$ cat model-v1.pdb   # PDB, C-alpha atoms, pLDDT in the B column
ATOM      1  CA  MET G 286      10.312 -26.876 -12.008  1.00 61.00           C
ATOM      2  CA  LYS G 287       7.824 -27.834  -9.302  1.00 83.00           C
ATOM      3  CA  ILE G 288       6.942 -26.145  -6.036  1.00 86.00           C
ATOM      4  CA  TYR G 289       8.956 -28.810  -4.202  1.00 88.00           C
ATOM      5  CA  ASP G 290      12.069 -27.631  -6.041  1.00 93.00           C
ATOM      6  CA  LEU G 291      11.580 -24.219  -4.426  1.00 92.00           C
ATOM      7  CA  ILE G 292      11.197 -25.834  -1.009  1.00 91.00           C
ATOM      8  CA  LYS G 293      14.373 -27.844  -1.631  1.00 94.00           C
ATOM      9  CA  LEU G 294      16.211 -24.674  -2.675  1.00 95.00           C
ATOM     10  CA  VAL G 295      15.157 -22.908   0.525  1.00 95.00           C
ATOM     11  CA  GLU G 296      16.242 -25.859   2.677  1.00 95.00           C
ATOM     12  CA  THR G 297      19.627 -26.056   0.922  1.00 96.00           C
ATOM     13  CA  LEU G 298      20.337 -22.342   1.298  1.00 96.00           C
ATOM     14  CA  ARG G 299      19.269 -22.444   4.936  1.00 95.00           C
ATOM     15  CA  LYS G 300      21.865 -25.145   5.591  1.00 95.00           C
ATOM     16  CA  GLU G 301      24.747 -24.068   3.378  1.00 96.00           C
ATOM     17  CA  CYS G 302      24.676 -20.265   2.956  1.00 97.00           C
ATOM     18  CA  PRO G 303      26.195 -18.284   5.890  1.00 96.00           C
ATOM     19  CA  TRP G 304      23.882 -15.303   5.283  1.00 96.00           C
ATOM     20  CA  ASP G 305      20.718 -17.380   4.914  1.00 96.00           C
ATOM     21  CA  ARG G 306      21.527 -19.360   8.061  1.00 96.00           C
ATOM     22  CA  GLU G 307      21.617 -16.192  10.156  1.00 96.00           C
ATOM     23  CA  GLN G 308      18.232 -14.813   9.084  1.00 96.00           C
ATOM     24  CA  THR G 309      15.200 -14.725  11.396  1.00 96.00           C
ATOM     25  CA  LEU G 310      11.567 -13.711  11.006  1.00 95.00           C
ATOM     26  CA  ASP G 311      12.467 -10.381  12.570  1.00 94.00           C
ATOM     27  CA  SER G 312      15.495  -9.722  10.359  1.00 95.00           C
ATOM     28  CA  LEU G 313      13.454 -10.254   7.181  1.00 95.00           C
ATOM     29  CA  LYS G 314      10.569  -7.876   8.014  1.00 92.00           C
ATOM     30  CA  ASN G 315      11.892  -5.089   5.831  1.00 90.00           C
ATOM     31  CA  ASN G 316      12.636  -7.512   2.994  1.00 94.00           C
ATOM     32  CA  VAL G 317       8.923  -8.348   2.836  1.00 94.00           C
ATOM     33  CA  ILE G 318       8.051  -4.649   2.531  1.00 91.00           C
ATOM     34  CA  GLU G 319      10.813  -4.022  -0.021  1.00 92.00           C
ATOM     35  CA  GLU G 320       9.824  -6.940  -2.260  1.00 95.00           C
ATOM     36  CA  SER G 321       6.148  -5.966  -2.123  1.00 94.00           C
ATOM     37  CA  TYR G 322       6.874  -2.427  -3.277  1.00 92.00           C
ATOM     38  CA  GLU G 323       9.201  -3.645  -6.011  1.00 95.00           C
ATOM     39  CA  LEU G 324       6.331  -5.780  -7.348  1.00 96.00           C
ATOM     40  CA  ILE G 325       3.945  -2.808  -7.146  1.00 93.00           C
ATOM     41  CA  GLU G 326       6.386  -0.690  -9.156  1.00 92.00           C
ATOM     42  CA  ALA G 327       6.779  -3.420 -11.773  1.00 95.00           C
ATOM     43  CA  ILE G 328       2.986  -3.739 -12.098  1.00 95.00           C
ATOM     44  CA  GLU G 329       2.571   0.030 -12.456  1.00 91.00           C
ATOM     45  CA  ASP G 330       5.285   0.088 -15.135  1.00 92.00           C
ATOM     46  CA  ASN G 331       3.599  -2.880 -16.851  1.00 94.00           C
ATOM     47  CA  ASP G 332       7.045  -4.474 -17.098  1.00 95.00           C
ATOM     48  CA  VAL G 333       6.262  -8.157 -17.686  1.00 97.00           C
ATOM     49  CA  SER G 334       9.839  -9.313 -17.137  1.00 97.00           C
ATOM     50  CA  SER G 335      10.102  -7.436 -13.841  1.00 97.00           C
ATOM     51  CA  ILE G 336       6.655  -8.616 -12.692  1.00 97.00           C
ATOM     52  CA  LYS G 337       7.750 -12.213 -13.300  1.00 97.00           C
ATOM     53  CA  GLU G 338      10.977 -11.654 -11.366  1.00 97.00           C
ATOM     54  CA  GLU G 339       9.313  -9.881  -8.441  1.00 97.00           C
ATOM     55  CA  ILE G 340       6.553 -12.489  -8.080  1.00 97.00           C
ATOM     56  CA  GLY G 341       9.336 -15.073  -7.994  1.00 96.00           C
ATOM     57  CA  ASP G 342      11.149 -13.127  -5.279  1.00 96.00           C
ATOM     58  CA  ILE G 343       7.972 -12.954  -3.187  1.00 97.00           C
ATOM     59  CA  LEU G 344       7.352 -16.685  -3.636  1.00 95.00           C
ATOM     60  CA  PHE G 345      10.923 -17.430  -2.585  1.00 96.00           C
ATOM     61  CA  LEU G 346      10.684 -15.099   0.410  1.00 97.00           C
ATOM     62  CA  GLY G 347       7.368 -16.660   1.463  1.00 96.00           C
ATOM     63  CA  PHE G 348       8.813 -20.159   1.479  1.00 95.00           C
ATOM     64  CA  PHE G 349      12.003 -18.948   3.131  1.00 97.00           C
ATOM     65  CA  LEU G 350       9.958 -17.370   5.932  1.00 97.00           C
ATOM     66  CA  ALA G 351       7.929 -20.583   6.220  1.00 95.00           C
ATOM     67  CA  LYS G 352      11.155 -22.553   6.683  1.00 95.00           C
ATOM     68  CA  ILE G 353      12.333 -20.185   9.434  1.00 96.00           C
ATOM     69  CA  PHE G 354       8.861 -20.347  11.010  1.00 95.00           C
ATOM     70  CA  GLU G 355       9.123 -24.128  11.037  1.00 94.00           C
ATOM     71  CA  GLU G 356      12.477 -23.957  12.834  1.00 93.00           C
ATOM     72  CA  GLU G 357      11.517 -21.245  15.327  1.00 90.00           C
ATOM     73  CA  LYS G 358       7.935 -22.288  16.128  1.00 90.00           C
ATOM     74  CA  ASP G 359       7.932 -25.987  15.183  1.00 90.00           C
ATOM     75  CA  ILE G 360       5.116 -25.480  12.671  1.00 91.00           C
ATOM     76  CA  GLY G 361       5.868 -27.190   9.365  1.00 88.00           C
ATOM     77  CA  PHE G 362       5.013 -26.487   5.735  1.00 87.00           C
ATOM     78  CA  ASP G 363       2.159 -28.990   5.709  1.00 89.00           C
ATOM     79  CA  GLU G 364       0.417 -27.469   8.725  1.00 93.00           C
ATOM     80  CA  LEU G 365       0.925 -23.969   7.357  1.00 92.00           C
ATOM     81  CA  ILE G 366      -0.511 -24.892   3.957  1.00 91.00           C
ATOM     82  CA  LEU G 367      -3.456 -26.818   5.421  1.00 93.00           C
ATOM     83  CA  SER G 368      -4.442 -23.935   7.715  1.00 95.00           C
ATOM     84  CA  THR G 369      -4.168 -21.472   4.812  1.00 94.00           C
ATOM     85  CA  VAL G 370      -6.314 -23.620   2.528  1.00 94.00           C
ATOM     86  CA  LYS G 371      -8.932 -24.020   5.264  1.00 95.00           C
ATOM     87  CA  LYS G 372      -8.978 -20.279   5.948  1.00 92.00           C
ATOM     88  CA  TYR G 373      -9.636 -19.367   2.333  1.00 93.00           C
ATOM     89  CA  LYS G 374     -12.191 -22.106   1.818  1.00 94.00           C
ATOM     90  CA  ASP G 375     -14.082 -20.816   4.853  1.00 91.00           C
ATOM     91  CA  LYS G 376     -13.922 -17.301   3.379  1.00 90.00           C
ATOM     92  CA  HIS G 377     -15.485 -18.560   0.136  1.00 93.00           C
ATOM     93  CA  PRO G 378     -18.578 -20.606   1.075  1.00 92.00           C
ATOM     94  CA  HIS G 379     -20.145 -19.500  -2.228  1.00 92.00           C
ATOM     95  CA  VAL G 380     -17.419 -21.492  -3.986  1.00 92.00           C
ATOM     96  CA  PHE G 381     -16.863 -24.483  -1.702  1.00 92.00           C
ATOM     97  CA  LYS G 382     -20.254 -24.737   0.016  1.00 89.00           C
ATOM     98  CA  GLU G 383     -23.829 -23.892  -0.926  1.00 83.00           C
ATOM     99  CA  GLU G 384     -23.902 -20.194  -0.066  1.00 86.00           C
ATOM    100  CA  ASN G 385     -25.052 -17.891  -2.850  1.00 89.00           C
ATOM    101  CA  PHE G 386     -23.682 -14.350  -3.111  1.00 88.00           C
ATOM    102  CA  SER G 387     -24.984 -12.230  -5.968  1.00 84.00           C
ATOM    103  CA  ASP G 388     -21.948  -9.966  -6.432  1.00 88.00           C
ATOM    104  CA  GLN G 389     -18.611  -8.925  -4.946  1.00 88.00           C
ATOM    105  CA  ASP G 390     -20.280  -6.500  -2.521  1.00 82.00           C
ATOM    106  CA  ALA G 391     -22.229  -9.409  -1.036  1.00 85.00           C
ATOM    107  CA  VAL G 392     -18.962 -11.315  -0.623  1.00 87.00           C
ATOM    108  CA  LEU G 393     -17.369  -8.340   1.134  1.00 80.00           C
ATOM    109  CA  ARG G 394     -20.388  -7.985   3.459  1.00 80.00           C
ATOM    110  CA  PHE G 395     -20.089 -11.657   4.378  1.00 84.00           C
ATOM    111  CA  TRP G 396     -16.406 -11.240   5.198  1.00 82.00           C
ATOM    112  CA  GLN G 397     -17.161  -8.275   7.446  1.00 76.00           C
ATOM    113  CA  LYS G 398     -19.943 -10.145   9.285  1.00 77.00           C
ATOM    114  CA  THR G 399     -17.556 -12.980  10.115  1.00 80.00           C
ATOM    115  CA  LYS G 400     -15.299 -10.577  12.012  1.00 78.00           C
ATOM    116  CA  LYS G 401     -15.968  -9.980  15.719  1.00 78.00           C
ATOM    117  CA  ASP G 402     -14.169  -6.655  15.329  1.00 86.00           C
ATOM    118  CA  ILE G 403     -14.551  -5.102  11.870  1.00 88.00           C
ATOM    119  CA  PHE G 404     -11.130  -3.480  12.213  1.00 91.00           C
ATOM    120  CA  ALA G 405      -9.342  -6.674  13.229  1.00 88.00           C
ATOM    121  CA  GLY G 406      -6.555  -7.698  10.886  1.00 86.00           C
ATOM    122  CA  ILE G 407      -5.697  -4.210   9.665  1.00 92.00           C
ATOM    123  CA  SER G 408      -1.935  -4.130  10.023  1.00 90.00           C
ATOM    124  CA  LYS G 409      -0.490  -1.313  12.107  1.00 90.00           C
ATOM    125  CA  VAL G 410       2.463  -1.021   9.720  1.00 87.00           C
ATOM    126  CA  LEU G 411       0.406  -0.424   6.582  1.00 90.00           C
ATOM    127  CA  PRO G 412       0.982   2.903   4.811  1.00 91.00           C
ATOM    128  CA  ALA G 413      -1.358   5.328   6.582  1.00 93.00           C
ATOM    129  CA  LEU G 414      -3.317   6.277   3.445  1.00 94.00           C
ATOM    130  CA  LEU G 415      -3.984   2.624   2.634  1.00 93.00           C
ATOM    131  CA  ALA G 416      -4.975   1.871   6.235  1.00 95.00           C
ATOM    132  CA  ALA G 417      -7.394   4.831   6.258  1.00 97.00           C
ATOM    133  CA  LYS G 418      -9.012   3.572   3.052  1.00 96.00           C
ATOM    134  CA  ILE G 419      -9.498   0.068   4.484  1.00 94.00           C
ATOM    135  CA  ILE G 420     -10.885   1.437   7.769  1.00 96.00           C
ATOM    136  CA  GLN G 421     -13.396   3.596   5.889  1.00 96.00           C
ATOM    137  CA  GLU G 422     -14.420   0.757   3.580  1.00 93.00           C
ATOM    138  CA  ARG G 423     -15.171  -1.499   6.532  1.00 91.00           C
ATOM    139  CA  ALA G 424     -17.207   1.162   8.325  1.00 92.00           C
ATOM    140  CA  SER G 425     -19.056   1.834   5.065  1.00 92.00           C
ATOM    141  CA  LYS G 426     -20.166  -1.810   4.840  1.00 84.00           C
ATOM    142  CA  LEU G 427     -22.093  -1.222   8.075  1.00 84.00           C
ATOM    143  CA  GLY G 428     -23.767   1.897   6.713  1.00 88.00           C
ATOM    144  CA  PHE G 429     -21.488   4.507   8.291  1.00 93.00           C
ATOM    145  CA  ASP G 430     -20.757   6.562   5.189  1.00 96.00           C
ATOM    146  CA  TRP G 431     -21.814   9.581   3.156  1.00 95.00           C
ATOM    147  CA  GLU G 432     -24.106   8.977   0.209  1.00 94.00           C
ATOM    148  CA  THR G 433     -22.030  11.083  -2.215  1.00 96.00           C
ATOM    149  CA  HIS G 434     -18.613  12.697  -2.492  1.00 96.00           C
ATOM    150  CA  LYS G 435     -20.104  16.009  -1.333  1.00 97.00           C
ATOM    151  CA  GLY G 436     -20.006  14.826   2.297  1.00 96.00           C
ATOM    152  CA  PRO G 437     -16.226  14.295   2.500  1.00 96.00           C
ATOM    153  CA  LEU G 438     -15.674  17.409   0.362  1.00 97.00           C
ATOM    154  CA  GLU G 439     -17.517  19.512   2.950  1.00 97.00           C
ATOM    155  CA  LYS G 440     -15.553  17.740   5.690  1.00 97.00           C
ATOM    156  CA  ILE G 441     -12.287  18.696   3.984  1.00 97.00           C
ATOM    157  CA  ASN G 442     -13.308  22.374   3.956  1.00 97.00           C
ATOM    158  CA  GLU G 443     -14.292  22.074   7.621  1.00 96.00           C
ATOM    159  CA  GLU G 444     -10.939  20.561   8.579  1.00 96.00           C
ATOM    160  CA  ILE G 445      -9.019  23.264   6.676  1.00 96.00           C
ATOM    161  CA  LYS G 446     -10.867  25.908   8.687  1.00 95.00           C
ATOM    162  CA  GLU G 447     -10.023  24.030  11.903  1.00 94.00           C
ATOM    163  CA  ILE G 448      -6.336  24.112  10.970  1.00 94.00           C
ATOM    164  CA  GLU G 449      -6.547  27.848  10.262  1.00 93.00           C
ATOM    165  CA  LYS G 450      -8.009  28.395  13.733  1.00 91.00           C
ATOM    166  CA  SER G 451      -5.539  26.109  15.539  1.00 87.00           C
ATOM    167  CA  SER G 452      -2.767  27.807  17.476  1.00 80.00           C
ATOM    168  CA  LYS G 453      -1.223  24.900  19.395  1.00 84.00           C
ATOM    169  CA  THR G 454       1.155  22.471  17.697  1.00 83.00           C
ATOM    170  CA  GLU G 455      -0.712  19.446  19.029  1.00 84.00           C
ATOM    171  CA  ASP G 456      -4.010  20.821  17.695  1.00 89.00           C
ATOM    172  CA  VAL G 457      -2.517  21.358  14.233  1.00 93.00           C
ATOM    173  CA  PHE G 458      -1.149  17.801  14.315  1.00 93.00           C
ATOM    174  CA  GLU G 459      -4.568  16.331  15.108  1.00 94.00           C
ATOM    175  CA  GLU G 460      -6.504  18.509  12.679  1.00 95.00           C
ATOM    176  CA  PHE G 461      -4.052  17.769   9.880  1.00 96.00           C
ATOM    177  CA  GLY G 462      -4.570  14.054  10.472  1.00 96.00           C
ATOM    178  CA  ASP G 463      -8.337  14.612  10.261  1.00 96.00           C
ATOM    179  CA  LEU G 464      -7.816  16.508   7.002  1.00 97.00           C
ATOM    180  CA  LEU G 465      -5.839  13.649   5.470  1.00 97.00           C
ATOM    181  CA  PHE G 466      -8.463  11.156   6.645  1.00 97.00           C
ATOM    182  CA  ALA G 467     -11.176  13.267   4.970  1.00 97.00           C
ATOM    183  CA  CYS G 468      -9.107  13.445   1.770  1.00 98.00           C
ATOM    184  CA  VAL G 469      -8.903   9.647   1.717  1.00 97.00           C
ATOM    185  CA  ASN G 470     -12.679   9.527   2.138  1.00 97.00           C
ATOM    186  CA  LEU G 471     -13.137  11.859  -0.828  1.00 98.00           C
ATOM    187  CA  ALA G 472     -10.764   9.760  -2.926  1.00 97.00           C
ATOM    188  CA  ARG G 473     -12.732   6.620  -2.044  1.00 97.00           C
ATOM    189  CA  HIS G 474     -16.020   8.234  -3.099  1.00 97.00           C
ATOM    190  CA  LEU G 475     -14.416   9.282  -6.378  1.00 97.00           C
ATOM    191  CA  SER G 476     -13.136   5.713  -6.934  1.00 95.00           C
ATOM    192  CA  VAL G 477      -9.536   6.901  -6.663  1.00 96.00           C
ATOM    193  CA  ASP G 478      -6.949   4.908  -4.731  1.00 94.00           C
ATOM    194  CA  PRO G 479      -5.267   7.547  -2.522  1.00 95.00           C
ATOM    195  CA  GLU G 480      -1.993   5.634  -2.229  1.00 92.00           C
ATOM    196  CA  ASP G 481      -1.743   5.257  -6.018  1.00 92.00           C
ATOM    197  CA  ALA G 482      -2.752   8.879  -6.577  1.00 95.00           C
ATOM    198  CA  LEU G 483      -0.134  10.230  -4.165  1.00 95.00           C
ATOM    199  CA  ARG G 484       2.550   7.942  -5.568  1.00 92.00           C
ATOM    200  CA  TYR G 485       1.713   9.240  -9.055  1.00 93.00           C
ATOM    201  CA  ALA G 486       1.825  12.841  -7.803  1.00 95.00           C
ATOM    202  CA  ASN G 487       5.233  12.172  -6.234  1.00 95.00           C
ATOM    203  CA  LYS G 488       6.604  10.820  -9.520  1.00 93.00           C
ATOM    204  CA  LYS G 489       5.141  13.736 -11.457  1.00 95.00           C
ATOM    205  CA  PHE G 490       6.669  16.288  -9.081  1.00 96.00           C
ATOM    206  CA  VAL G 491      10.127  14.680  -9.206  1.00 96.00           C
ATOM    207  CA  LYS G 492      10.049  14.469 -13.008  1.00 95.00           C
ATOM    208  CA  ARG G 493       8.959  18.097 -13.396  1.00 96.00           C
ATOM    209  CA  PHE G 494      11.365  19.485 -10.795  1.00 95.00           C
ATOM    210  CA  ARG G 495      14.246  17.687 -12.493  1.00 96.00           C
ATOM    211  CA  LYS G 496      13.296  19.549 -15.666  1.00 95.00           C
ATOM    212  CA  VAL G 497      13.346  22.823 -13.716  1.00 95.00           C
ATOM    213  CA  MET G 498      16.884  22.050 -12.556  1.00 95.00           C
ATOM    214  CA  GLU G 499      17.913  21.120 -16.115  1.00 94.00           C
ATOM    215  CA  GLU G 500      16.488  24.366 -17.463  1.00 93.00           C
ATOM    216  CA  LEU G 501      18.331  26.420 -14.848  1.00 94.00           C
ATOM    217  CA  LYS G 502      21.541  24.579 -15.710  1.00 93.00           C
ATOM    218  CA  LYS G 503      21.047  25.447 -19.391  1.00 93.00           C
ATOM    219  CA  ARG G 504      20.709  29.088 -18.386  1.00 93.00           C
ATOM    220  CA  GLY G 505      23.915  28.862 -16.396  1.00 92.00           C
ATOM    221  CA  LYS G 506      22.187  29.465 -13.087  1.00 91.00           C
ATOM    222  CA  ASP G 507      22.703  27.898  -9.680  1.00 92.00           C
ATOM    223  CA  ILE G 508      19.423  26.574  -8.319  1.00 90.00           C
ATOM    224  CA  GLU G 509      20.357  27.535  -4.760  1.00 90.00           C
ATOM    225  CA  ALA G 510      20.834  31.130  -5.890  1.00 90.00           C
ATOM    226  CA  THR G 511      17.532  31.197  -7.826  1.00 93.00           C
ATOM    227  CA  ASP G 512      14.466  32.641  -6.126  1.00 93.00           C
ATOM    228  CA  LEU G 513      11.091  30.908  -5.917  1.00 94.00           C
ATOM    229  CA  GLU G 514       9.466  33.301  -8.400  1.00 94.00           C
ATOM    230  CA  GLU G 515      11.821  32.326 -11.227  1.00 94.00           C
ATOM    231  CA  MET G 516      11.612  28.604 -10.432  1.00 95.00           C
ATOM    232  CA  ASP G 517       7.826  28.828 -10.330  1.00 95.00           C
ATOM    233  CA  LYS G 518       7.797  30.563 -13.712  1.00 94.00           C
ATOM    234  CA  ILE G 519       9.925  27.789 -15.248  1.00 94.00           C
ATOM    235  CA  TRP G 520       7.665  25.220 -13.552  1.00 95.00           C
ATOM    236  CA  ASP G 521       4.600  26.751 -15.246  1.00 94.00           C
ATOM    237  CA  GLU G 522       6.369  26.795 -18.626  1.00 93.00           C
ATOM    238  CA  ILE G 523       7.232  23.107 -18.303  1.00 94.00           C
ATOM    239  CA  LYS G 524       3.690  22.319 -17.209  1.00 93.00           C
ATOM    240  CA  LYS G 525       2.295  24.043 -20.313  1.00 92.00           C
ATOM    241  CA  ARG G 526       4.689  22.130 -22.600  1.00 91.00           C
ATOM    242  CA  GLU G 527       3.552  18.857 -21.013  1.00 89.00           C
ATOM    243  CA  GLY G 528      -0.040  19.793 -21.831  1.00 76.00           C
TER     244      GLY G 528
END
$ encode --input "model-v1.pdb" --output "structure tokens"
Amino acid sequence: MKIYDLIKLVETLRKECPWDREQTLDSLKNNVIEESYELIEAIEDNDVSSIKEEIGDILFLGFFLAKIFEEEKDIGFDELILSTVKKYKDKHPHVFKEENFSDQDAVLRFWQKTKKDIFAGISKVLPALLAAKIIQERASKLGFDWETHKGPLEKINEEIKEIEKSSKTEDVFEEFGDLLFACVNLARHLSVDPEDALRYANKKFVKRFRKVMEELKKRGKDIEATDLEEMDKIWDEIKKREG
């Protein structure tokens, strides 16, 4: 199969499938998000078969969107591909021109210098933890950053105290946002991806709490009639067994 076969498939479906004919750029927004997260899950599970399938789905969706874009905005595949190739060649003068960057940090600094606004291009619909990480990384490239993880750690303690002192709902809202932002900063300094870490914590909690419910069922108890103290005790027992 060649890439043109995929283009032909998209064109055929756009003409002959009732569902595909009705789709627009707007109607497929959530599909882009869904497919991206399905690929992330496949990569995290190291499931080669699923990774292959999900990359294929993203490729198909990309070309399908390009076809709709061509119809709605009169911008064809060729123009789209040419502008994309030019963009990435311009972003890599060390590959396609005679620039010389010593390492990946130098490449990143070059990319930041080419931006009139260092925060331009950060999507407003990104997960907030990921957006915070990108914002902090860009500010860091211009020297606005702590030297070690102790800076954000102290900031976290400061923000916790601010929350403790806050009495108004709007103040708590703002201070809690500052606390999360500081936590992302700490994660970055510890070379931890906050989005990955929280996703892992979510999975761990769900897995462990399911075991709590299973244990209560074995004991013939209704979870809704079980107090927190007993559930917490079972939680600790499960945690010890997991090591």
$ closest_residue --input "model-v1.pdb" --among "G:Leu501, G:Val295, G:Ala472, G:Leu350" --to "Glu422 (chain G)" --atoms "all atoms listed in the file"
G:Ala472
$ residues_around --input "model-v1.pdb" --residues "region 413-417 of chain G" --least-positions-apart "3" --cutoff "8 Å" --atoms "only C-alpha atoms" --output "ChimeraX atom specification"
/G:407-408,420-421,466,469,479-480
$ closest_residue --input "model-v1.pdb" --among "G:Gly341, G:Gly436, G:Gly428, G:Gly528" --to "Ser321 (chain G)" --atoms "only C-alpha atoms"
G:Gly341
$ atom_distance --input "model-v1.pdb" --atom1 "CA of Met516 (chain G)" --atom2 "CA of Ala482 (chain G)"
24.7 Å
$ closest_residue --input "model-v1.pdb" --among "G:Leu365, G:Ala327, G:Ile523, G:Ile508" --to "Lys496 (chain G)" --atoms "only C-alpha atoms"
G:Ile523
$ resolve_selection --input "model-v1.pdb" --expression "the PyMOL selection byres ((chain G and resi 444) around 12)" --output "list in words"
Pro437, Leu438, Glu439, Lys440, Ile441, Asn442, Glu443, Ile445, Lys446, Glu447, Ile448, Glu449, Lys450, Ser451, Asp456, Val457, Phe458, Glu459, Glu460, Phe461, Gly462, Asp463, Leu464, Leu465, Phe466, Ala467 and Cys468 of chain G
$ axis_aligned_box --input "model-v1.pdb" --around "region 470-486 of chain G" --padding-each-side "4 Å" --output "lines of an AutoDock Vina configuration file"
center_x = -6.7
center_y = 8.9
center_z = -3.5
size_x = 26.6
size_y = 15.9
size_z = 19.2
$ residues_near_point --input "model-v1.pdb" --point "(-0.2, 14.0, -19.6)" --cutoff "12 Å" --atoms "all atoms listed in the file" --output "list in words"
Tyr485, Lys489, Arg493, Ile523, Lys524, Lys525, Arg526, Glu527 and Gly528 of chain G
$ write_last_selection --input "model-v1.pdb" --atoms "C-alpha atoms" --output "PDB file, keeping the file's coordinate frame"
ATOM      1  CA  TYR G 485       1.713   9.240  -9.055  1.00 93.00           C
ATOM      2  CA  LYS G 489       5.141  13.736 -11.457  1.00 95.00           C
ATOM      3  CA  ARG G 493       8.959  18.097 -13.396  1.00 96.00           C
ATOM      4  CA  ILE G 523       7.232  23.107 -18.303  1.00 94.00           C
ATOM      5  CA  LYS G 524       3.690  22.319 -17.209  1.00 93.00           C
ATOM      6  CA  LYS G 525       2.295  24.043 -20.313  1.00 92.00           C
ATOM      7  CA  ARG G 526       4.689  22.130 -22.600  1.00 91.00           C
ATOM      8  CA  GLU G 527       3.552  18.857 -21.013  1.00 89.00           C
ATOM      9  CA  GLY G 528      -0.040  19.793 -21.831  1.00 76.00           C
TER      10      GLY G 528
END
$ resolve_selection --input "model-v1.pdb" --expression "the PyMOL selection byres ((chain G and resi 388-391) around 12)" --output "list in words"
His377, Pro378, His379, Glu384, Asn385, Phe386, Ser387, Val392, Leu393, Arg394, Phe395, Trp396, Gln397, Lys398, Glu422, Arg423, Ser425, Lys426 and Leu427 of chain G
$ atom_distance --input "model-v1.pdb" --atom1 "CA of Phe345 (chain G)" --atom2 "CA of Ile292 (chain G)"
8.6 Å
$ closest_residue --input "model-v1.pdb" --among "G:Asp478, G:Glu320, G:Asp521, G:Asp512" --to "Ile336 (chain G)" --atoms "only C-alpha atoms"
G:Glu320
$ resolve_selection --input "model-v1.pdb" --expression "the PyMOL selection byres ((chain G and resi 310) around 12)" --output "VMD selection string"
chain G and resid 305 to 309 311 to 317 346 to 358
$ closest_residue --input "model-v1.pdb" --among "G:Phe404, G:Arg484, G:Lys518, G:Asn470" --to "Ile325 (chain G)" --atoms "all atoms listed in the file"
G:Arg484
$ atom_distance --input "model-v1.pdb" --atom1 "CA of Val491 (chain G)" --atom2 "CA of Lys506 (chain G)"
19.5 Å
$ build_atoms --input "model-v1.pdb" --residues "region 436-451 of chain G" --atoms "N, CA and C atoms" --output "tab-separated table (two decimals), in the coordinates of the input"
chain	number	residue	atom	x	y	z
G	436	GLY	N	-20.21	14.91	0.85
G	436	GLY	CA	-20.01	14.83	2.30
G	436	GLY	C	-18.54	14.99	2.68
G	437	PRO	N	-17.64	14.13	2.15
G	437	PRO	CA	-16.23	14.30	2.50
G	437	PRO	C	-15.63	15.61	1.98
G	438	LEU	N	-16.17	16.13	0.88
G	438	LEU	CA	-15.67	17.41	0.36
G	438	LEU	C	-15.97	18.53	1.36
G	439	GLU	N	-17.16	18.53	1.93
G	439	GLU	CA	-17.52	19.51	2.95
G	439	GLU	C	-16.67	19.31	4.21
G	440	LYS	N	-16.38	18.04	4.52
G	440	LYS	CA	-15.55	17.74	5.69
G	440	LYS	C	-14.14	18.28	5.50
G	441	ILE	N	-13.62	18.17	4.28
G	441	ILE	CA	-12.29	18.70	3.98
G	441	ILE	C	-12.24	20.20	4.23
G	442	ASN	N	-13.25	20.93	3.74
G	442	ASN	CA	-13.31	22.37	3.96
G	442	ASN	C	-13.40	22.71	5.44
G	443	GLU	N	-14.15	21.88	6.17
G	443	GLU	CA	-14.29	22.07	7.62
G	443	GLU	C	-12.96	21.89	8.32
G	444	GLU	N	-12.22	20.84	7.93
G	444	GLU	CA	-10.94	20.56	8.58
G	444	GLU	C	-9.90	21.63	8.25
G	445	ILE	N	-9.94	22.18	7.04
G	445	ILE	CA	-9.02	23.26	6.68
G	445	ILE	C	-9.26	24.47	7.57
G	446	LYS	N	-10.52	24.78	7.81
G	446	LYS	CA	-10.87	25.91	8.69
G	446	LYS	C	-10.39	25.65	10.12
G	447	GLU	N	-10.49	24.38	10.56
G	447	GLU	CA	-10.02	24.03	11.90
G	447	GLU	C	-8.51	24.26	12.03
G	448	ILE	N	-7.78	23.90	10.96
G	448	ILE	CA	-6.34	24.11	10.97
G	448	ILE	C	-6.01	25.61	11.03
G	449	GLU	N	-6.76	26.39	10.28
G	449	GLU	CA	-6.55	27.85	10.26
G	449	GLU	C	-6.77	28.45	11.64
G	450	LYS	N	-7.69	27.87	12.40
G	450	LYS	CA	-8.01	28.40	13.73
G	450	LYS	C	-7.08	27.85	14.82
G	451	SER	N	-6.37	26.75	14.53
G	451	SER	CA	-5.54	26.11	15.54
G	451	SER	C	-4.29	26.93	15.82
